[in-house]
$ cat model_19.tsv   # TSV, C-alpha atoms
chain	number	residue	atom	x	y	z
B	1	MET	CA	146.33	122.66	67.59
B	2	SER	CA	145.41	119.64	69.57
B	3	GLU	CA	143.13	117.11	68.02
B	4	GLU	CA	141.60	115.98	71.27
B	5	PHE	CA	138.13	116.32	72.69
B	6	LYS	CA	136.19	115.27	75.74
B	7	VAL	CA	134.05	112.19	76.12
B	8	GLU	CA	131.67	111.47	78.95
B	9	ILE	CA	129.76	108.27	79.45
B	10	VAL	CA	126.96	108.27	81.99
B	11	ASN	CA	124.67	105.50	83.12
B	12	PRO	CA	121.70	105.95	85.43
B	13	GLU	CA	123.66	105.09	88.55
B	14	LYS	CA	126.70	107.26	88.02
B	15	SER	CA	129.04	109.02	85.68
B	16	PHE	CA	130.71	106.00	84.18
B	17	LEU	CA	133.71	107.49	82.44
B	18	VAL	CA	135.14	110.92	81.75
B	19	LYS	CA	138.12	111.36	79.45
B	20	ASN	CA	139.64	114.56	78.20
B	21	ASP	CA	142.32	113.36	75.82
B	22	VAL	CA	140.34	111.43	73.26
B	23	SER	CA	141.33	111.59	69.63
B	24	GLU	CA	138.59	109.45	68.12
B	25	VAL	CA	135.49	107.60	69.23
B	26	VAL	CA	133.69	105.01	67.17
B	27	VAL	CA	130.12	104.41	68.23
B	28	PRO	CA	127.65	101.82	66.93
B	29	ALA	CA	124.96	104.27	65.82
B	30	PHE	CA	121.61	102.94	64.80
B	31	GLU	CA	122.26	103.33	61.11
B	32	GLY	CA	125.80	102.05	61.15
B	33	GLU	CA	129.07	102.69	62.87
B	34	MET	CA	130.06	106.29	63.22
B	35	GLY	CA	133.52	107.63	63.87
B	36	ILE	CA	133.68	110.95	65.65
B	37	LEU	CA	136.69	113.21	65.47
B	38	LYS	CA	137.27	116.66	66.84
B	39	ASP	CA	135.07	119.47	65.45
B	40	HIS	CA	132.41	117.11	64.28
B	41	ILE	CA	129.09	118.82	63.59
B	42	SER	CA	126.59	118.77	66.48
B	43	ILE	CA	124.72	115.55	66.28
B	44	ILE	CA	122.24	113.46	68.21
B	45	SER	CA	121.83	109.82	67.47
B	46	PHE	CA	121.05	106.61	69.27
B	47	LEU	CA	122.93	103.39	69.59
B	48	LYS	CA	122.29	99.81	68.80
B	49	PRO	CA	124.10	97.02	70.62
B	50	GLY	CA	127.76	97.07	69.74
B	51	ILE	CA	131.24	98.15	70.68
B	52	ILE	CA	132.29	101.68	71.53
B	53	LYS	CA	135.94	102.24	70.68
B	54	ILE	CA	137.69	105.09	72.41
B	55	LEU	CA	141.08	106.03	71.01
B	56	SER	CA	143.24	108.26	73.13
B	57	LYS	CA	146.83	108.99	74.00
B	58	SER	CA	146.59	107.06	77.23
B	59	GLY	CA	145.54	103.94	75.39
B	60	ASP	CA	142.57	102.53	73.57
B	61	GLU	CA	139.50	101.27	75.33
B	62	ASN	CA	136.60	99.14	74.19
B	63	TYR	CA	133.17	99.01	75.73
B	64	TYR	CA	130.18	96.86	74.98
B	65	VAL	CA	126.86	98.74	75.06
B	66	GLU	CA	123.33	97.50	74.65
B	67	ASP	CA	121.61	100.78	74.02
B	68	GLY	CA	122.07	104.49	74.45
B	69	ILE	CA	122.01	107.98	73.06
B	70	VAL	CA	124.97	109.99	71.82
B	71	GLU	CA	125.10	113.72	71.77
B	72	PHE	CA	128.03	115.64	70.34
B	73	LYS	CA	128.24	119.36	70.87
B	74	ASN	CA	131.11	121.84	71.14
B	75	ASN	CA	133.65	119.05	71.20
B	76	ASN	CA	131.84	117.35	74.04
B	77	LEU	CA	130.66	113.85	73.40
B	78	SER	CA	128.04	112.58	75.84
B	79	ILE	CA	126.93	108.99	75.75
B	80	LEU	CA	123.91	108.02	77.81
B	81	THR	CA	123.46	104.33	78.24
B	82	SER	CA	121.74	102.00	80.65
B	83	ALA	CA	123.93	98.97	80.02
B	84	ILE	CA	127.67	99.28	79.44
B	85	PHE	CA	130.58	96.96	80.14
B	86	ASN	CA	134.29	97.46	79.78
B	87	LEU	CA	135.60	94.70	77.57
B	88	ALA	CA	138.81	94.57	79.54
B	89	ASP	CA	136.89	93.67	82.69
B	90	MET	CA	134.50	91.29	81.02
B	91	ASP	CA	135.32	87.64	81.46
B	92	LYS	CA	133.98	84.68	79.59
B	93	SER	CA	131.23	83.78	82.06
B	94	LYS	CA	129.79	87.30	82.09
B	95	GLN	CA	129.86	87.28	78.33
B	96	GLN	CA	128.07	83.96	78.21
B	97	ASP	CA	125.41	85.23	80.59
B	98	LEU	CA	124.73	88.22	78.41
B	99	LEU	CA	124.68	86.07	75.32
B	100	LYS	CA	122.16	83.71	76.88
B	101	GLN	CA	119.92	86.59	77.87
B	102	ALA	CA	120.11	88.08	74.40
B	103	GLU	CA	119.38	84.75	72.74
B	104	ALA	CA	116.38	84.19	74.96
B	105	GLU	CA	115.10	87.59	74.00
B	106	ALA	CA	115.72	87.04	70.31
B	107	ASN	CA	113.82	83.77	70.39
B	108	LYS	CA	110.70	85.31	71.82
B	109	THR	CA	107.94	85.38	69.30
B	110	ASP	CA	105.73	88.05	70.78
B	111	ILE	CA	108.08	91.01	70.33
B	112	ASN	CA	107.93	93.63	67.63
B	113	ASP	CA	110.34	93.88	64.74
B	114	GLN	CA	112.52	96.53	66.25
B	115	SER	CA	113.16	94.71	69.52
B	116	LYS	CA	113.75	91.56	67.55
B	117	TYR	CA	116.31	93.36	65.44
B	118	LEU	CA	118.02	94.76	68.51
B	119	ALA	CA	118.12	91.38	70.20
B	120	ASP	CA	119.60	89.80	67.07
B	121	GLN	CA	122.21	92.51	67.03
B	122	LYS	CA	123.12	91.75	70.62
B	123	VAL	CA	123.58	88.08	69.85
B	124	GLU	CA	125.69	88.84	66.84
B	125	VAL	CA	127.98	91.27	68.62
B	126	LEU	CA	128.40	89.05	71.64
B	127	LYS	CA	129.27	86.09	69.44
B	128	THR	CA	132.02	87.99	67.69
B	129	LEU	CA	133.59	88.76	71.03
B	130	ASN	CA	134.42	85.13	71.63
D	1	MET	CA	100.64	106.99	142.67
D	2	ALA	CA	102.24	104.07	140.95
D	3	SER	CA	104.18	101.71	143.14
D	4	LEU	CA	107.97	101.72	143.16
D	5	ASP	CA	108.11	98.43	141.34
D	6	ASP	CA	105.89	99.68	138.53
D	7	LEU	CA	107.97	102.80	138.09
D	8	LYS	CA	111.14	100.77	137.95
D	9	LYS	CA	109.70	98.57	135.23
D	10	ARG	CA	108.55	101.52	133.20
D	11	ILE	CA	111.95	103.18	133.39
D	12	ALA	CA	113.58	99.98	132.19
D	13	SER	CA	111.20	99.64	129.26
D	14	VAL	CA	111.58	103.25	128.15
D	15	LYS	CA	115.33	102.86	128.30
D	16	SER	CA	115.30	99.81	126.08
D	17	THR	CA	113.03	101.59	123.58
D	18	GLN	CA	115.51	104.43	123.57
D	19	LYS	CA	118.28	102.00	122.72
D	20	ILE	CA	116.33	100.72	119.74
D	21	THR	CA	115.49	104.17	118.39
D	22	LYS	CA	119.08	105.24	118.83
D	23	ALA	CA	120.32	102.26	116.86
D	24	MET	CA	117.75	102.90	114.13
D	25	LYS	CA	118.83	106.49	113.91
D	26	MET	CA	122.43	105.50	113.39
D	27	VAL	CA	121.54	102.93	110.76
D	28	ALA	CA	119.40	105.51	108.97
D	29	ALA	CA	122.26	108.01	109.08
D	30	ALA	CA	124.62	105.55	107.43
D	31	LYS	CA	122.05	104.59	104.81
D	32	LEU	CA	121.20	108.22	104.20
D	33	ARG	CA	124.75	108.99	103.24
D	34	ARG	CA	124.76	106.20	100.72
D	35	ALA	CA	121.36	107.13	99.32
D	36	GLN	CA	122.36	110.75	99.02
D	37	GLU	CA	125.51	109.79	97.18
D	38	SER	CA	123.69	107.68	94.66
D	39	ALA	CA	121.05	110.38	94.20
D	40	GLU	CA	123.80	112.82	93.37
D	41	LYS	CA	125.56	110.39	91.06
D	42	GLY	CA	122.33	109.72	89.23
D	43	ARG	CA	121.72	113.35	88.48
D	44	PRO	CA	123.94	113.79	85.39
D	45	TYR	CA	122.05	111.09	83.53
D	46	SER	CA	118.60	112.52	84.05
D	47	GLU	CA	119.82	116.05	83.41
D	48	LYS	CA	121.50	115.11	80.15
D	49	MET	CA	118.48	113.10	79.11
D	50	ASN	CA	116.26	116.07	79.79
D	51	ASN	CA	118.56	118.31	77.79
D	52	VAL	CA	118.60	116.06	74.76
D	53	ILE	CA	114.83	115.79	74.80
D	54	LEU	CA	114.50	119.54	75.05
D	55	ASN	CA	116.77	119.97	72.08
D	56	LEU	CA	114.87	117.37	70.16
D	57	SER	CA	111.39	118.57	70.90
D	58	SER	CA	112.28	122.10	69.97
D	59	GLY	CA	113.59	120.75	66.67
D	60	ILE	CA	110.37	119.03	65.79
D	61	SER	CA	108.61	120.90	63.07
D	62	ASP	CA	105.47	118.88	62.75
D	63	LYS	CA	103.82	119.19	66.15
D	64	GLU	CA	100.74	117.30	65.07
D	65	ASN	CA	102.54	114.10	64.40
D	66	ALA	CA	104.81	114.27	67.41
D	67	PRO	CA	104.97	111.06	69.43
D	68	LYS	CA	102.03	110.65	71.78
D	69	LEU	CA	104.28	110.32	74.80
D	70	LEU	CA	105.33	113.91	74.21
D	71	SER	CA	102.16	115.57	73.05
D	72	GLY	CA	99.55	113.44	74.81
D	73	THR	CA	96.53	111.69	73.45
D	74	GLY	CA	94.67	114.91	72.95
D	75	GLN	CA	92.31	114.32	75.85
D	76	GLU	CA	92.55	114.17	79.61
D	77	LYS	CA	89.94	111.67	80.57
D	78	THR	CA	91.81	109.01	82.44
D	79	HIS	CA	94.54	109.82	84.89
D	80	LEU	CA	97.12	107.33	86.02
D	81	CYS	CA	98.87	108.12	89.28
D	82	VAL	CA	102.02	106.33	90.35
D	83	VAL	CA	102.36	106.79	94.09
D	84	MET	CA	105.84	105.96	95.30
D	85	THR	CA	106.28	105.23	98.99
D	86	SER	CA	108.58	103.17	101.16
D	87	ASP	CA	108.29	99.53	102.16
D	88	ARG	CA	109.10	100.17	105.78
D	89	GLY	CA	107.46	102.26	108.42
D	90	LEU	CA	108.87	104.22	111.35
D	91	CYS	CA	110.00	107.07	109.16
D	92	GLY	CA	108.01	109.97	110.49
D	93	GLY	CA	105.68	111.74	108.13
D	94	PHE	CA	107.42	110.46	105.03
D	95	ASN	CA	104.66	108.21	103.72
D	96	SER	CA	101.72	110.21	105.03
D	97	ASN	CA	103.03	113.33	103.30
D	98	ILE	CA	103.05	111.63	99.92
D	99	ILE	CA	99.66	110.09	100.55
D	100	LYS	CA	98.21	113.41	101.62
D	101	LYS	CA	99.49	115.08	98.48
D	102	ALA	CA	98.22	112.23	96.33
D	103	LYS	CA	94.81	112.14	98.00
D	104	SER	CA	94.17	115.82	97.43
D	105	TYR	CA	95.08	115.30	93.78
D	106	PHE	CA	92.78	112.29	93.55
D	107	ALA	CA	89.91	114.28	95.05
D	108	LYS	CA	90.46	117.01	92.48
D	109	ILE	CA	90.41	114.58	89.59
D	110	LEU	CA	87.34	112.74	90.82
D	111	ASP	CA	85.56	116.05	91.37
D	112	GLU	CA	86.16	116.90	87.75
D	113	GLY	CA	84.47	113.67	86.80
D	114	LYS	CA	87.58	112.11	85.36
D	115	GLU	CA	88.60	108.53	85.68
D	116	LEU	CA	91.35	107.60	88.09
D	117	LYS	CA	93.77	104.69	88.10
D	118	ILE	CA	96.45	104.15	90.68
D	119	ILE	CA	99.68	102.22	90.73
D	120	THR	CA	101.33	102.02	94.11
D	121	VAL	CA	105.03	101.43	94.46
D	122	GLY	CA	106.00	100.39	97.98
D	123	SER	CA	103.79	98.55	100.40
D	124	LYS	CA	103.16	101.39	102.85
D	125	GLY	CA	101.39	103.49	100.28
D	126	ASN	CA	99.28	100.56	99.25
D	127	ASP	CA	98.27	99.92	102.87
D	128	GLN	CA	97.08	103.46	103.30
D	129	LEU	CA	95.40	103.92	99.95
D	130	LYS	CA	93.55	100.64	99.69
D	131	ARG	CA	91.24	101.63	102.52
D	132	VAL	CA	89.67	104.39	100.45
D	133	TYR	CA	90.66	103.78	96.85
D	134	SER	CA	90.86	99.99	96.71
D	135	ASP	CA	88.78	99.84	93.52
D	136	LYS	CA	91.07	102.32	91.76
D	137	ILE	CA	94.36	100.55	92.43
D	138	ILE	CA	95.25	98.56	89.36
D	139	GLU	CA	98.77	97.51	90.25
D	140	ASN	CA	100.83	97.21	93.39
D	141	ILE	CA	104.58	96.90	93.10
D	142	SER	CA	107.02	96.42	95.91
D	143	PHE	CA	110.78	96.16	95.82
D	144	LYS	CA	111.31	94.67	99.24
D	145	GLU	CA	114.00	92.34	97.98
D	146	SER	CA	116.25	94.94	96.42
D	147	LYS	CA	118.35	96.75	98.98
D	148	ASN	CA	118.96	99.94	97.06
D	149	ALA	CA	117.04	101.69	94.36
D	150	ASN	CA	118.36	100.38	91.07
D	151	TYR	CA	117.66	101.19	87.47
D	152	PHE	CA	116.45	97.71	86.68
D	153	ASP	CA	113.49	98.09	89.04
D	154	ALA	CA	112.69	101.54	87.72
D	155	ASP	CA	112.76	100.20	84.19
D	156	LYS	CA	110.21	97.56	85.13
D	157	VAL	CA	107.80	100.22	86.38
D	158	GLY	CA	108.52	102.40	83.36
D	159	LYS	CA	107.85	99.60	80.90
D	160	MET	CA	104.59	98.80	82.65
D	161	VAL	CA	103.47	102.40	82.44
D	162	ILE	CA	104.31	102.61	78.75
D	163	GLU	CA	102.57	99.34	78.00
D	164	LYS	CA	99.42	100.66	79.62
D	165	PHE	CA	99.75	103.93	77.77
D	166	GLU	CA	100.07	102.21	74.44
D	167	ALA	CA	97.07	100.07	75.26
D	168	GLY	CA	95.17	103.29	75.69
D	169	GLU	CA	94.43	102.73	79.36
D	170	PHE	CA	95.12	106.30	80.40
D	171	ASP	CA	95.85	109.76	79.00
D	172	VAL	CA	97.85	111.50	81.70
D	173	CYS	CA	100.40	110.02	84.06
D	174	THR	CA	101.64	111.66	87.23
D	175	ILE	CA	104.18	110.33	89.69
D	176	PHE	CA	104.19	111.17	93.39
D	177	TYR	CA	107.37	111.10	95.42
D	178	ASN	CA	109.28	113.00	98.07
D	179	GLN	CA	111.98	115.30	96.88
D	180	PHE	CA	114.98	115.30	99.15
D	181	LYS	CA	115.93	118.80	100.19
D	182	ASN	CA	117.77	118.12	103.41
D	183	VAL	CA	117.53	115.80	106.38
D	184	ILE	CA	114.68	117.75	107.96
D	185	THR	CA	112.80	118.83	104.86
D	186	GLN	CA	111.36	116.58	102.21
D	187	ILE	CA	108.94	118.05	99.76
D	188	PRO	CA	106.19	115.85	98.36
D	189	GLN	CA	106.11	116.24	94.60
D	190	ALA	CA	103.60	115.56	91.89
D	191	GLN	CA	105.34	115.32	88.56
D	192	GLN	CA	103.59	114.77	85.29
D	193	ILE	CA	105.55	112.44	83.04
D	194	ILE	CA	103.02	111.71	80.30
D	195	PRO	CA	102.56	113.85	78.32
D	196	LEU	CA	105.90	115.39	78.98
D	197	ASN	CA	105.46	118.81	80.43
D	198	ASN	CA	108.26	120.96	79.15
D	199	GLU	CA	106.55	124.27	79.19
D	200	GLY	CA	108.51	126.99	80.87
D	201	GLU	CA	111.77	125.30	80.10
D	202	GLU	CA	113.66	126.66	77.17
D	203	SER	CA	116.19	124.76	75.20
D	204	SER	CA	119.64	125.66	76.43
D	205	SER	CA	121.20	126.09	73.04
D	206	GLU	CA	120.08	127.73	69.87
D	207	GLU	CA	122.41	125.51	67.96
D	208	SER	CA	120.90	123.18	65.45
D	209	TYR	CA	121.73	119.54	65.57
D	210	GLU	CA	122.11	116.97	62.93
D	211	PHE	CA	119.91	114.00	63.64
D	212	GLU	CA	120.54	110.47	62.63
D	213	PRO	CA	118.02	109.01	62.00
D	214	ASP	CA	115.40	111.79	62.04
D	215	GLU	CA	113.98	113.52	65.11
D	216	ASP	CA	110.78	111.53	65.28
D	217	GLU	CA	112.53	108.23	65.36
D	218	ILE	CA	115.02	109.31	67.98
D	219	LEU	CA	112.28	110.79	70.08
D	220	SER	CA	110.12	107.70	69.97
D	221	ASN	CA	113.13	105.72	71.07
D	222	LEU	CA	114.14	108.19	73.73
D	223	LEU	CA	110.83	109.01	75.38
D	224	PRO	CA	110.20	105.56	76.85
D	225	LYS	CA	113.70	105.66	78.28
D	226	ASN	CA	112.99	109.03	79.74
D	227	ILE	CA	109.98	107.63	81.60
D	228	SER	CA	112.15	105.01	83.24
D	229	THR	CA	114.78	107.63	83.99
D	230	GLN	CA	112.28	109.93	85.65
D	231	ILE	CA	110.93	107.06	87.73
D	232	PHE	CA	114.45	106.09	88.67
D	233	LYS	CA	115.19	109.64	89.71
D	234	ALA	CA	112.05	109.65	91.83
D	235	MET	CA	113.12	106.39	93.43
D	236	LEU	CA	116.54	107.77	94.30
D	237	GLU	CA	115.06	110.95	95.75
D	238	ASN	CA	112.56	108.86	97.63
D	239	SER	CA	115.12	106.58	99.21
D	240	ALA	CA	117.24	109.52	100.34
D	241	SER	CA	114.13	111.20	101.73
D	242	GLU	CA	113.02	108.05	103.49
D	243	GLN	CA	116.30	107.68	105.33
D	244	GLY	CA	116.44	111.36	106.16
D	245	SER	CA	112.92	111.33	107.47
D	246	ARG	CA	113.56	108.20	109.49
D	247	MET	CA	116.71	109.67	110.92
D	248	SER	CA	115.02	112.80	112.22
D	249	ALA	CA	112.01	110.82	113.46
D	250	MET	CA	114.25	108.47	115.38
D	251	ASP	CA	116.28	111.36	116.70
D	252	ASN	CA	113.11	112.89	118.12
D	253	ALA	CA	112.02	109.58	119.55
D	254	THR	CA	115.36	109.11	121.28
D	255	ARG	CA	115.17	112.56	122.78
D	256	ASN	CA	111.60	112.07	123.98
D	257	ALA	CA	112.54	108.77	125.56
D	258	GLY	CA	115.38	110.52	127.38
D	259	GLU	CA	113.02	113.15	128.75
D	260	MET	CA	110.59	110.49	129.84
D	261	VAL	CA	113.31	108.57	131.67
D	262	ASP	CA	114.31	111.75	133.54
D	263	LYS	CA	110.74	112.45	134.56
D	264	LEU	CA	110.12	108.90	135.67
D	265	THR	CA	113.37	108.81	137.64
D	266	ILE	CA	112.39	111.93	139.56
D	267	GLU	CA	109.00	110.45	140.31
D	268	TYR	CA	110.65	107.23	141.39
D	269	ASN	CA	113.02	109.02	143.76
D	270	ARG	CA	110.20	111.07	145.22
D	271	SER	CA	108.03	108.10	145.98
D	272	ARG	CA	110.99	106.23	147.46
D	273	GLN	CA	111.69	109.21	149.68
D	274	ALA	CA	108.02	109.40	150.66
D	275	ALA	CA	107.98	105.74	151.58
D	276	ILE	CA	111.07	106.12	153.79
D	277	THR	CA	109.63	109.19	155.51
D	278	LYS	CA	106.39	107.39	156.14
D	279	GLU	CA	108.19	104.48	157.71
D	280	LEU	CA	110.26	106.81	159.90
D	281	ILE	CA	107.16	108.62	161.10
D	282	GLU	CA	105.57	105.30	161.95
D	283	ILE	CA	108.61	104.21	163.96
D	284	ILE	CA	108.92	107.53	165.79
D	285	SER	CA	105.25	107.77	166.65
D	286	GLY	CA	105.37	104.16	167.76
D	287	ALA	CA	108.33	104.91	170.07
D	288	GLU	CA	106.64	108.02	171.46
D	289	SER	CA	103.50	106.25	172.41
D	290	LEU	CA	105.38	103.89	174.67
$ encode --input "model_19.tsv" --output "structure tokens"
Amino acid sequence: MSEEFKVEIVNPEKSFLVKNDVSEVVVPAFEGEMGILKDHISIISFLKPGIIKILSKSGDENYYVEDGIVEFKNNNLSILTSAIFNLADMDKSKQQDLLKQAEAEANKTDINDQSKYLADQKVEVLKTLN
Amino acid sequence: MASLDDLKKRIASVKSTQKITKAMKMVAAAKLRRAQESAEKGRPYSEKMNNVILNLSSGISDKENAPKLLSGTGQEKTHLCVVMTSDRGLCGGFNSNIIKKAKSYFAKILDEGKELKIITVGSKGNDQLKRVYSDKIIENISFKESKNANYFDADKVGKMVIEKFEAGEFDVCTIFYNQFKNVITQIPQAQQIIPLNNEGEESSSEESYEFEPDEDEILSNLLPKNISTQIFKAMLENSASEQGSRMSAMDNATRNAGEMVDKLTIEYNRSRQAAITKELIEIISGAESL
């Protein structure tokens, strides 16, 4: 029996990525990282800023996401996100831009605790990429 | 009858107008294709989002404490209407159709004695609405600078709407846009986004989900996103509709100009002929009298 399932990442503009031969996906769920294998129970969760790791036969891929929702059902993993970047395509300057934005957001004083937490997360994740 | 010179000038001017409308039609056709493509590409996101929310809201046990964005504030006193139109004219009935739809809705609300607030997106809608409803318009947004509808802009509108909702400025929010059916037909739509109107739609699966964290928290995170997504969808539909509408309007204009040129040319030839005949008669009668 194959141990592979399907993953689909969509952003508002288009279907970002569709892969059929994925063996494991690690997503930065809100309450901690979550590894998803085949035949996982149906689950809905949302993401905090972090790295999505996709492990498949055709090679591993890493994506940086800022937010999103994951839905896993019948061996179909859907990830809805409004901001996603492939780490392989991301160069230093892009990374710095994002980091600056995140830092500016984190330093705002008039935001609520949750957005503050999310902004801090962004900064942290982006810093570790360097 | 107009003189030959006048006719000539008119023919020339109609011809140059025809050239312009023809060019606009072709530009609209090219843009339409792009807009249609992005509208189609954007569909999976909003569909999936809708699906997840359906699954979630059916899983909520405690309806009383459901997030306000889903269940509403419990009253319907103040209505917020987001009227989405284009920034450019010359697109047939595109803008007037939305405005007409919106105005009939406004009249209904005001008749019922409810309060009305309007946000206009796109300058054309603002131009038309401010004549009658200038005191109701609270915000006017225009995305003249951005070439294509993008999520960033939609998110801005969405965040503004949510901010106002949380400040208790309105109870019900409806967006007005044109749904793209095909090049000739665009259907003006009024869609209620707050509170979310899911009645009549059943959750696709009976399967139960595991939620992490719990439903309420996911929902309260998801619903604001859904607002932006719905607005983005409306923007995509709108931009496809705008180009389609402009294309058919310009097509008609080109054809009308062609007909007009034909008519004017016939008139021109006739009066030229008449002038020649008149001159001939004058010469002949002059020669005869000698």
$ interface_residues --input "model_19.tsv" --of "chain D" --to "chain B" --cutoff "6 Å" --atoms "only C-alpha atoms" --output "list in words"
Lys41, Gly42, Tyr45, Tyr209, Glu210, Phe211 and Glu212 of chain D
$ axis_aligned_box --input "model_19.tsv" --around "segment 112-122 of chain D" --padding-each-side "4 Å" --output "JSON"
{"center_x": 95.2, "center_y": 108.6, "center_z": 91.7, "size_x": 29.5, "size_y": 24.5, "size_z": 20.6}
$ residues_near_point --input "model_19.tsv" --point "(129.2, 91.7, 82.1)" --cutoff "6 Å" --atoms "only C-alpha atoms" --output "VMD selection string"
chain B and resid 85 90 94 to 95
$ residues_near_point --input "model_19.tsv" --point "(131.2, 105.3, 68.7)" --cutoff "6 Å" --atoms "all atoms listed in the file" --output "PyMOL selection string"
chain B and resi 25-28+34-35+52-53
$ atom_distance --input "model_19.tsv" --atom1 "atom CA of Phe176 of chain D" --atom2 "atom CA of Ser241 of chain D"
13.0 Å
$ atom_distance --input "model_19.tsv" --atom1 "atom CA of Tyr117 of chain B" --atom2 "atom CA of Pro195 of chain D"
27.8 Å
$ atom_distance --input "model_19.tsv" --atom1 "atom CA of Ile193 of chain D" --atom2 "atom CA of Ser208 of chain D"
25.7 Å
$ residues_around --input "model_19.tsv" --residues "Ala149 of chain D" --least-positions-apart "3" --cutoff "8 Å" --atoms "only C-alpha atoms" --output "mmCIF file with C-alpha atoms, keeping the file's coordinate frame"
data_model
loop_
_atom_site.group_PDB
_atom_site.id
_atom_site.type_symbol
_atom_site.label_atom_id
_atom_site.label_comp_id
_atom_site.auth_asym_id
_atom_site.auth_seq_id
_atom_site.Cartn_x
_atom_site.Cartn_y
_atom_site.Cartn_z
ATOM 1 C CA SER D 146 116.250 94.940 96.420
ATOM 2 C CA ASP D 153 113.490 98.090 89.040
ATOM 3 C CA ALA D 154 112.690 101.540 87.720
ATOM 4 C CA PHE D 232 114.450 106.090 88.670
ATOM 5 C CA MET D 235 113.120 106.390 93.430
ATOM 6 C CA LEU D 236 116.540 107.770 94.300
ATOM 7 C CA SER D 239 115.120 106.580 99.210
#
$ closest_residue --input "model_19.tsv" --among "B:Gln96, B:Gln101, B:Gln114, B:Ser2" --to "Lys127 of chain B" --atoms "only C-alpha atoms"
B:Gln96
$ closest_residue --input "model_19.tsv" --among "B:Glu4, B:Asp39, B:Asp67, B:Asp89" --to "Ile54 of chain B" --atoms "all atoms listed in the file"
B:Glu4
$ residues_around --input "model_19.tsv" --residues "segment 9-26 of chain D" --least-positions-apart "6" --cutoff "6 Å" --atoms "all atoms listed in the file" --output "list of chain:residue names"
D:Met247, D:Met250, D:Thr254, D:Ala257, D:Val261
